[in-house]
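> I'm passing along model_6.cif; it holds mmCIF, C-alpha atoms.
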```
data_run
loop_
_atom_site.group_PDB
_atom_site.id
_atom_site.type_symbol
_atom_site.label_atom_id
_atom_site.label_comp_id
_atom_site.auth_asym_id
_atom_site.auth_seq_id
_atom_site.Cartn_x
_atom_site.Cartn_y
_atom_site.Cartn_z
ATOM 1 C CA MET A 1 26.236 64.260 -32.285
ATOM 2 C CA VAL A 2 24.183 61.491 -33.821
ATOM 3 C CA MET A 3 22.435 60.617 -30.573
ATOM 4 C CA MET A 4 21.218 64.082 -29.688
ATOM 5 C CA ASN A 5 18.243 64.373 -32.002
ATOM 6 C CA GLY A 6 15.582 64.083 -29.312
ATOM 7 C CA ASN A 7 13.577 61.444 -31.171
ATOM 8 C CA ASP A 8 11.821 58.721 -29.282
ATOM 9 C CA GLY A 9 12.853 55.759 -31.356
ATOM 10 C CA GLU A 10 13.533 52.379 -29.839
ATOM 11 C CA ASP A 11 17.167 52.934 -29.052
ATOM 12 C CA GLU A 12 18.007 50.678 -26.164
ATOM 13 C CA GLY A 13 21.571 51.893 -25.908
ATOM 14 C CA ASP A 14 24.104 49.446 -27.262
ATOM 15 C CA PHE A 15 26.837 50.402 -24.831
ATOM 16 C CA ALA A 16 28.286 48.393 -22.014
ATOM 17 C CA PRO A 17 26.050 48.027 -18.940
ATOM 18 C CA ASP A 18 28.967 49.254 -16.846
ATOM 19 C CA VAL A 19 28.911 52.550 -18.688
ATOM 20 C CA ALA A 20 25.190 53.035 -18.074
ATOM 21 C CA GLN A 21 25.617 52.231 -14.386
ATOM 22 C CA GLN A 22 28.507 54.646 -14.028
ATOM 23 C CA ILE A 23 26.614 57.415 -15.790
ATOM 24 C CA ASP A 24 23.647 56.930 -13.444
ATOM 25 C CA GLU A 25 25.948 56.819 -10.422
ATOM 26 C CA ASN A 26 27.587 60.071 -11.465
ATOM 27 C CA LEU A 27 24.206 61.687 -12.041
ATOM 28 C CA ARG A 28 23.192 60.695 -8.512
ATOM 29 C CA ARG A 29 26.417 62.143 -7.123
ATOM 30 C CA LEU A 30 25.963 65.317 -9.128
ATOM 31 C CA TYR A 31 22.543 66.054 -7.642
ATOM 32 C CA SER A 32 22.905 64.472 -4.194
ATOM 33 C CA GLU A 33 24.600 67.678 -3.092
ATOM 34 C CA THR A 34 21.559 69.729 -4.025
ATOM 35 C CA VAL A 35 19.172 67.238 -2.452
ATOM 36 C CA SER A 36 21.036 67.423 0.862
ATOM 37 C CA GLU A 37 21.294 71.226 0.921
ATOM 38 C CA GLU A 38 19.188 73.274 3.294
ATOM 39 C CA LEU A 39 16.324 75.025 1.579
ATOM 40 C CA PRO A 40 17.192 78.604 0.623
ATOM 41 C CA ARG A 41 15.751 81.349 2.772
ATOM 42 C CA SER A 42 13.672 82.673 -0.129
ATOM 43 C CA LEU A 43 11.821 79.387 -0.263
ATOM 44 C CA THR A 44 11.226 79.046 3.451
ATOM 45 C CA GLU A 45 10.010 82.643 3.547
ATOM 46 C CA LEU A 46 7.598 81.903 0.719
ATOM 47 C CA LEU A 47 6.225 78.914 2.616
ATOM 48 C CA ASP A 48 5.822 81.030 5.752
ATOM 49 C CA ALA A 49 3.971 83.676 3.746
ATOM 50 C CA LEU A 50 1.641 81.079 2.245
ATOM 51 C CA ARG A 51 0.892 79.648 5.675
ATOM 52 C CA ARG A 52 0.208 83.114 7.115
ATOM 53 C CA GLN A 53 -2.016 83.917 4.156
ATOM 54 C CA ASP A 54 -4.034 80.764 4.764
ATOM 55 C CA GLU A 55 -4.330 81.473 8.476
ATOM 56 C CA ALA A 56 -5.539 85.000 7.746
ATOM 57 C CA GLY A 57 -8.028 83.673 5.181
ATOM 58 C CA GLY A 58 -9.267 81.028 7.585
ATOM 59 C CA GLU A 59 -9.807 83.572 10.339
ATOM 60 C CA GLN A 60 -11.641 85.832 7.908
ATOM 61 C CA ARG A 61 -13.944 82.989 6.860
ATOM 62 C CA MET A 62 -14.581 82.133 10.510
ATOM 63 C CA GLY A 63 -15.543 85.742 11.133
ATOM 64 C CA GLU A 64 -18.007 85.715 8.252
ATOM 65 C CA GLN A 65 -19.887 82.707 9.625
ATOM 66 C CA MET B 1 -2.006 58.564 0.075
ATOM 67 C CA SER B 2 -3.861 59.352 3.219
ATOM 68 C CA HIS B 3 -3.925 62.810 4.655
ATOM 69 C CA SER B 4 -5.675 61.969 7.913
ATOM 70 C CA PRO B 5 -3.978 63.750 10.794
ATOM 71 C CA PRO B 6 -1.772 61.673 13.059
ATOM 72 C CA ALA B 7 -2.658 60.933 16.643
ATOM 73 C CA SER B 8 0.360 62.956 17.664
ATOM 74 C CA ALA B 9 1.490 66.054 15.824
ATOM 75 C CA GLU B 10 5.025 65.617 17.049
ATOM 76 C CA GLY B 11 7.923 63.874 15.359
ATOM 77 C CA PRO B 12 9.466 64.317 11.914
ATOM 78 C CA ASP B 13 7.796 61.251 10.446
ATOM 79 C CA THR B 14 4.226 62.168 11.256
ATOM 80 C CA ILE B 15 1.888 63.370 8.537
ATOM 81 C CA PRO B 16 1.310 67.108 8.946
ATOM 82 C CA ALA B 17 -2.175 68.355 9.768
ATOM 83 C CA ASP B 18 -2.259 70.420 6.596
ATOM 84 C CA PRO B 19 -1.664 67.998 3.718
ATOM 85 C CA ARG B 20 0.026 70.767 1.787
ATOM 86 C CA GLU B 21 2.884 70.601 4.260
ATOM 87 C CA GLU B 22 3.826 67.336 2.577
ATOM 88 C CA ILE B 23 4.915 69.453 -0.385
ATOM 89 C CA VAL B 24 7.862 70.610 1.713
ATOM 90 C CA THR B 25 9.267 67.090 1.952
ATOM 91 C CA HIS B 26 9.669 66.989 -1.835
ATOM 92 C CA LEU B 27 11.393 70.347 -2.208
ATOM 93 C CA PRO B 28 15.016 69.096 -2.054
ATOM 94 C CA ALA B 29 14.444 66.692 -4.945
ATOM 95 C CA LEU B 30 12.423 69.312 -6.816
ATOM 96 C CA ARG B 31 15.380 71.697 -6.509
ATOM 97 C CA ALA B 32 17.714 69.052 -7.906
ATOM 98 C CA PHE B 33 15.357 68.381 -10.821
ATOM 99 C CA ALA B 34 15.013 72.113 -11.483
ATOM 100 C CA ARG B 35 18.770 72.569 -11.377
ATOM 101 C CA GLY B 36 19.252 69.764 -13.840
ATOM 102 C CA LEU B 37 16.638 71.151 -16.199
ATOM 103 C CA THR B 38 17.779 74.769 -16.087
ATOM 104 C CA GLY B 39 21.509 74.265 -15.512
ATOM 105 C CA ASN B 40 21.359 77.346 -13.319
ATOM 106 C CA ALA B 41 21.015 77.439 -9.521
ATOM 107 C CA SER B 42 19.223 80.788 -9.403
ATOM 108 C CA ALA B 43 16.798 79.954 -12.200
ATOM 109 C CA ALA B 44 16.183 76.596 -10.532
ATOM 110 C CA ASP B 45 15.155 78.182 -7.251
ATOM 111 C CA ASP B 46 12.865 80.592 -9.103
ATOM 112 C CA LEU B 47 11.294 77.604 -10.818
ATOM 113 C CA VAL B 48 10.806 75.783 -7.516
ATOM 114 C CA GLN B 49 9.219 78.899 -5.983
ATOM 115 C CA ASP B 50 6.834 79.102 -8.917
ATOM 116 C CA THR B 51 6.042 75.404 -8.462
ATOM 117 C CA VAL B 52 5.352 75.857 -4.746
ATOM 118 C CA LEU B 53 3.028 78.783 -5.440
ATOM 119 C CA LYS B 54 1.082 76.819 -8.037
ATOM 120 C CA ALA B 55 0.950 73.617 -6.000
ATOM 121 C CA TRP B 56 -0.121 75.430 -2.832
ATOM 122 C CA SER B 57 -2.863 77.403 -4.559
ATOM 123 C CA LYS B 58 -4.096 74.510 -6.704
ATOM 124 C CA PHE B 59 -3.813 71.805 -4.086
ATOM 125 C CA HIS B 60 -7.573 71.248 -4.256
ATOM 126 C CA LEU B 61 -6.939 69.842 -7.745
ATOM 127 C CA PHE B 62 -4.620 67.163 -6.387
ATOM 128 C CA GLN B 63 -6.472 63.880 -6.162
ATOM 129 C CA ASP B 64 -6.027 62.265 -2.801
ATOM 130 C CA GLY B 65 -4.582 58.804 -3.160
ATOM 131 C CA THR B 66 -2.543 59.640 -6.246
ATOM 132 C CA ASN B 67 1.165 60.317 -6.412
ATOM 133 C CA LEU B 68 1.961 63.713 -4.887
ATOM 134 C CA ARG B 69 5.614 63.576 -5.927
ATOM 135 C CA ALA B 70 4.726 62.946 -9.581
ATOM 136 C CA TRP B 71 2.105 65.726 -9.386
ATOM 137 C CA LEU B 72 4.639 68.221 -8.063
ATOM 138 C CA PHE B 73 7.317 67.235 -10.551
ATOM 139 C CA THR B 74 4.782 67.550 -13.361
ATOM 140 C CA ILE B 75 3.939 71.102 -12.256
ATOM 141 C CA LEU B 76 7.624 71.998 -12.190
ATOM 142 C CA ARG B 77 8.240 70.387 -15.581
ATOM 143 C CA ASN B 78 5.291 72.153 -17.181
ATOM 144 C CA SER B 79 6.403 75.480 -15.706
ATOM 145 C CA PHE B 80 9.892 74.942 -17.053
ATOM 146 C CA LEU B 81 8.690 73.989 -20.536
ATOM 147 C CA SER B 82 6.279 76.916 -20.587
ATOM 148 C CA SER B 83 8.902 79.471 -19.582
ATOM 149 C CA ARG B 84 11.360 77.867 -21.975
ATOM 150 C CA ARG B 85 8.980 78.346 -24.862
ATOM 151 C CA LYS B 86 8.293 81.938 -23.875
ATOM 152 C CA ALA B 87 11.903 82.898 -23.391
ATOM 153 C CA ALA B 88 13.859 80.566 -25.638
ATOM 154 C CA ARG B 89 16.471 83.206 -26.294
ATOM 155 C CA GLU B 90 17.443 83.400 -22.627
ATOM 156 C CA ILE B 91 18.080 79.692 -22.221
ATOM 157 C CA ALA B 92 21.532 79.670 -23.749
ATOM 158 C CA ASP B 93 22.663 82.104 -21.102
ATOM 159 C CA SER B 94 22.193 79.529 -18.358
ATOM 160 C CA GLU B 95 24.644 76.979 -19.652
ATOM 161 C CA GLY B 96 27.581 76.406 -17.399
ATOM 162 C CA SER B 97 26.325 78.332 -14.405
ATOM 163 C CA PHE B 98 25.733 75.249 -12.311
ATOM 164 C CA ALA B 99 29.019 73.775 -13.432
ATOM 165 C CA GLY B 100 30.721 77.065 -12.660
ATOM 166 C CA ARG B 101 29.334 77.035 -9.148
ATOM 167 C CA LEU B 102 30.682 73.525 -8.652
ATOM 168 C CA ALA B 103 34.056 74.534 -10.012
ATOM 169 C CA THR B 104 34.446 77.302 -7.434
ATOM 170 C CA LYS B 105 34.439 74.768 -4.628
ATOM 171 C CA PRO B 106 37.660 73.204 -3.360
ATOM 172 C CA ASP B 107 39.166 70.817 -5.839
ATOM 173 C CA HIS B 108 39.226 67.175 -5.030
ATOM 174 C CA ASP B 109 38.951 63.977 -7.013
ATOM 175 C CA GLY B 110 35.676 63.911 -8.828
ATOM 176 C CA ARG B 111 34.971 67.636 -8.969
ATOM 177 C CA LEU B 112 36.203 67.902 -12.529
ATOM 178 C CA ALA B 113 34.184 64.839 -13.433
ATOM 179 C CA MET B 114 31.078 66.408 -11.931
ATOM 180 C CA GLN B 115 31.653 69.574 -13.929
ATOM 181 C CA GLU B 116 32.097 67.543 -17.101
ATOM 182 C CA MET B 117 28.917 65.630 -16.357
ATOM 183 C CA ALA B 118 26.882 68.780 -15.691
ATOM 184 C CA GLU B 119 28.104 70.391 -18.891
ATOM 185 C CA ALA B 120 27.423 67.236 -20.876
ATOM 186 C CA LEU B 121 23.932 66.943 -19.438
ATOM 187 C CA ASN B 122 23.178 70.507 -20.478
ATOM 188 C CA GLN B 123 23.895 69.574 -24.075
ATOM 189 C CA LEU B 124 21.156 66.951 -24.203
ATOM 190 C CA PRO B 125 17.653 67.574 -25.519
ATOM 191 C CA VAL B 126 15.322 68.361 -22.645
ATOM 192 C CA GLU B 127 13.385 65.116 -23.153
ATOM 193 C CA GLN B 128 16.513 63.057 -22.550
ATOM 194 C CA ARG B 129 17.693 65.303 -19.747
ATOM 195 C CA GLU B 130 14.494 65.020 -17.756
ATOM 196 C CA ALA B 131 14.366 61.238 -18.213
ATOM 197 C CA LEU B 132 17.935 60.877 -16.972
ATOM 198 C CA LEU B 133 17.364 63.279 -14.082
ATOM 199 C CA LEU B 134 14.274 61.465 -12.875
ATOM 200 C CA VAL B 135 15.353 57.868 -13.415
ATOM 201 C CA GLY B 136 19.128 58.155 -13.193
ATOM 202 C CA ALA B 137 19.708 60.935 -10.676
ATOM 203 C CA LEU B 138 16.611 60.978 -8.473
ATOM 204 C CA GLY B 139 15.641 57.315 -8.370
ATOM 205 C CA PHE B 140 12.191 57.525 -9.930
ATOM 206 C CA SER B 141 10.808 54.300 -11.308
ATOM 207 C CA VAL B 142 10.277 54.306 -15.057
ATOM 208 C CA GLU B 143 6.528 54.273 -14.421
ATOM 209 C CA GLU B 144 6.647 57.291 -12.076
ATOM 210 C CA ALA B 145 8.837 59.206 -14.503
ATOM 211 C CA ALA B 146 6.386 58.392 -17.283
ATOM 212 C CA GLU B 147 3.523 59.712 -15.157
ATOM 213 C CA THR B 148 5.507 62.873 -14.444
ATOM 214 C CA CYS B 149 6.333 63.452 -18.105
ATOM 215 C CA ASP B 150 2.922 62.357 -19.388
ATOM 216 C CA CYS B 151 4.282 59.686 -21.683
ATOM 217 C CA ALA B 152 4.591 55.913 -21.897
ATOM 218 C CA PRO B 153 7.143 54.021 -19.765
ATOM 219 C CA GLY B 154 8.773 52.754 -22.943
ATOM 220 C CA THR B 155 9.317 56.338 -24.036
ATOM 221 C CA ILE B 156 11.094 57.130 -20.770
ATOM 222 C CA LYS B 157 13.304 54.060 -21.187
ATOM 223 C CA SER B 158 14.141 55.056 -24.730
ATOM 224 C CA ARG B 159 14.870 58.668 -23.818
ATOM 225 C CA ALA B 160 17.023 57.655 -20.845
ATOM 226 C CA ASN B 161 19.008 55.236 -22.990
ATOM 227 C CA ARG B 162 19.471 57.826 -25.694
ATOM 228 C CA GLY B 163 20.592 60.260 -23.034
ATOM 229 C CA ARG B 164 23.100 57.787 -21.626
ATOM 230 C CA SER B 165 24.401 57.123 -25.127
ATOM 231 C CA ALA B 166 24.775 60.839 -25.753
ATOM 232 C CA LEU B 167 26.541 61.374 -22.419
ATOM 233 C CA ALA B 168 28.853 58.453 -23.152
ATOM 234 C CA GLN B 169 29.645 60.013 -26.494
ATOM 235 C CA ILE B 170 30.225 63.487 -25.087
ATOM 236 C CA LEU B 171 32.380 62.133 -22.255
ATOM 237 C CA GLY B 172 34.361 59.943 -24.616
ATOM 238 C CA LEU B 173 33.027 56.564 -23.536
ATOM 239 C CA GLU B 174 32.937 54.433 -26.645
ATOM 240 C CA LYS B 175 29.890 52.298 -27.267
ATOM 241 C CA GLY B 176 30.364 48.702 -26.192
ATOM 242 C CA GLU B 177 33.500 49.572 -24.342
ATOM 243 C CA ALA B 178 33.660 49.885 -20.595
ATOM 244 C CA PRO B 179 35.813 52.645 -19.156
ATOM 245 C CA GLU B 180 39.064 51.906 -17.417
ATOM 246 C CA THR B 181 38.342 49.896 -14.328
ATOM 247 C CA THR B 182 38.740 51.863 -11.140
ATOM 248 C CA ASP B 183 37.281 51.691 -7.683
ATOM 249 C CA SER B 184 35.404 54.919 -8.146
ATOM 250 C CA PRO B 185 32.750 55.652 -10.759
ATOM 251 C CA VAL B 186 33.798 59.277 -10.618
ATOM 252 C CA ALA B 187 37.395 58.368 -11.309
ATOM 253 C CA ALA B 188 36.143 56.357 -14.250
ATOM 254 C CA VAL B 189 34.678 59.485 -15.764
ATOM 255 C CA ILE B 190 37.839 61.435 -15.004
ATOM 256 C CA SER B 191 39.816 58.783 -16.800
ATOM 257 C CA VAL B 192 37.920 59.430 -20.023
ATOM 258 C CA ALA B 193 37.455 63.183 -19.631
ATOM 259 C CA PRO B 194 39.333 65.309 -22.185
ATOM 260 C CA GLY B 195 41.948 66.305 -19.643
ATOM 261 C CA GLY B 196 42.434 62.761 -18.477
ATOM 262 C CA LEU B 197 43.286 61.123 -21.773
#
```
Kindly transcribe the structure held in the file into structure tokens.

Amino acid sequence: MVMMNGNDGEDEGDFAPDVAQQIDENLRRLYSETVSEELPRSLTELLDALRRQDEAGGEQRMGEQ
Amino acid sequence: MSHSPPASAEGPDTIPADPREEIVTHLPALRAFARGLTGNASAADDLVQDTVLKAWSKFHLFQDGTNLRAWLFTILRNSFLSSRRKAAREIADSEGSFAGRLATKPDHDGRLAMQEMAEALNQLPVEQREALLLVGALGFSVEEAAETCDCAPGTIKSRANRGRSALAQILGLEKGEAPETTDSPVAAVISVAPGGL
């Protein structure tokens, strides 16, 4: 795998433009499914907890004033 | 980026009163980026949760008027690289999990190609993978990807091109040679996948 060395040399990719376009298109297809998924419950619950925590903190600060 | 509250708080396109709520709008793309980096759906969601916690608690460090998306993606990237360094031995275990999840879904044209692509992407160095994910998969400009990865735009271009070259090599696309012409880009990958030759 000559191309998998991770260096940052000036390799502009001497393959056909069609190949590059098709690779990008397939990458978009591969992750479009994830992008369009509903957020998992664990994440929405975390957001709810953070919001509640802020509300509780805000009320506490209001009480201290 | 302005965080001034809208005149009306109703409607999906209005800016939320709490500017941190804007983080939520970037979560789908963050999950996709995390999944591409980790190659594992469960690890990806853990990474996104960690990112949300950090972003929410450190939001005062975000400079109003700068790019929130790049800021969030940078947090996720740094978290990934940090955990990767700490637990390098566990990384190999993740390979194929995302592809395996895809493969359990009903077969149709393109599913095999997607699995091949996911597996090929997992073989790339992380620098190439993240460049391809941001620019190729998620539509970042080269400049925004460079900001996210804290490098020069030319470096992103180079890494993305190296990544494309490596993917072409792994998937059997010869340099300077376009794949068989088909109507579907997915079918094009199938046509050069090991099982399709």
> Could you tell me which of A:Ile23, A:Ala56, A:Ala16, A:Leu43 comes closest to Leu132 in chain B if we count all atoms listed in the file?
A:Ile23
> Can you tell me how far CA of Leu167 in chain B sits from CA of Glu119 in chain B, in Å to one decimal?
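Between these atoms lies a distance of 9.8 Å.
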> Can you pull out the residues contacting range 141-148 of chain B? Cut-off 7 Å, using all atoms listed in the file, and skip same-chain residues under 5 positions away; I want them as a list of chain:residue names.
B:Ala70, B:Trp71, B:Phe73, B:Thr74, B:Ala131, B:Leu134, B:Val135, B:Pro153, B:Ile156, B:Lys157
> Any chance you can output those residues with C-alpha atoms as a compact mmCIF listing (two decimals), in the coordinates of the input?

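Everything below was put into again.txt:
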```
# COMPACT_ATOMS: atom_id res chain seq x y z
CA ALA B 70 4.73 62.95 -9.58
CA TRP B 71 2.10 65.73 -9.39
CA PHE B 73 7.32 67.24 -10.55
CA THR B 74 4.78 67.55 -13.36
CA ALA B 131 14.37 61.24 -18.21
CA LEU B 134 14.27 61.46 -12.88
CA VAL B 135 15.35 57.87 -13.42
CA PRO B 153 7.14 54.02 -19.76
CA ILE B 156 11.09 57.13 -20.77
CA LYS B 157 13.30 54.06 -21.19
```
> Can you work out the spacing between CA of Cys149 in chain B and CA of Ser36 in chain A in Å, to one decimal?
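Atom-to-atom, CA of Cys149 in chain B and CA of Ser36 in chain A are spaced 24.3 Å apart.
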> Please compute the CA of Glu38 in chain A-CA of Val52 in chain B distance, one decimal, in Å.
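The value is 16.2 Å.
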> Taking all atoms of range 15-33 of chain A that the file lists, what box with edges along x, y and z, padded by 3 Å per side, do you get, with centre and edge lengths in Å to one decimal, as AutoDock Vina command-line options?

```
--center_x 25.8 --center_y 57.9 --center_z -14.0 --size_x 12.4 --size_y 25.7 --size_z 27.7
```
> Quick one: residues within 9 Å of Asp24 in chain A, all atoms listed in the file, excluding same-chain residues fewer than 4 positions away - as JSON, numbers by chain?
{"A": [19, 20, 28, 29], "B": [132, 133, 135, 136, 137, 164]}
> Go through the shown structure with the PyMOL selection byres ((chain A and resi 31) around 8) and write out the matching residues as an MDAnalysis selection string.
(chainID A and resid 27:30 32:35) or (chainID B and resid 32 36 137:138)
> Contacts of Met117 in chain B at 9 Å or less, counting all atoms listed in the file, minus same-chain residues fewer than 3 places along, as a PyMOL selection string?
(chain A and resi 23+26-27+30) or (chain B and resi 99+112-114+120-122+167+171+189)
> Measuring between all atoms listed in the file, which one of B:Ile23, B:Arg77, B:Trp56, B:Pro28 shows the shortest distance to chain A?
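So, comparing all the options, the nearest one is B:Pro28.
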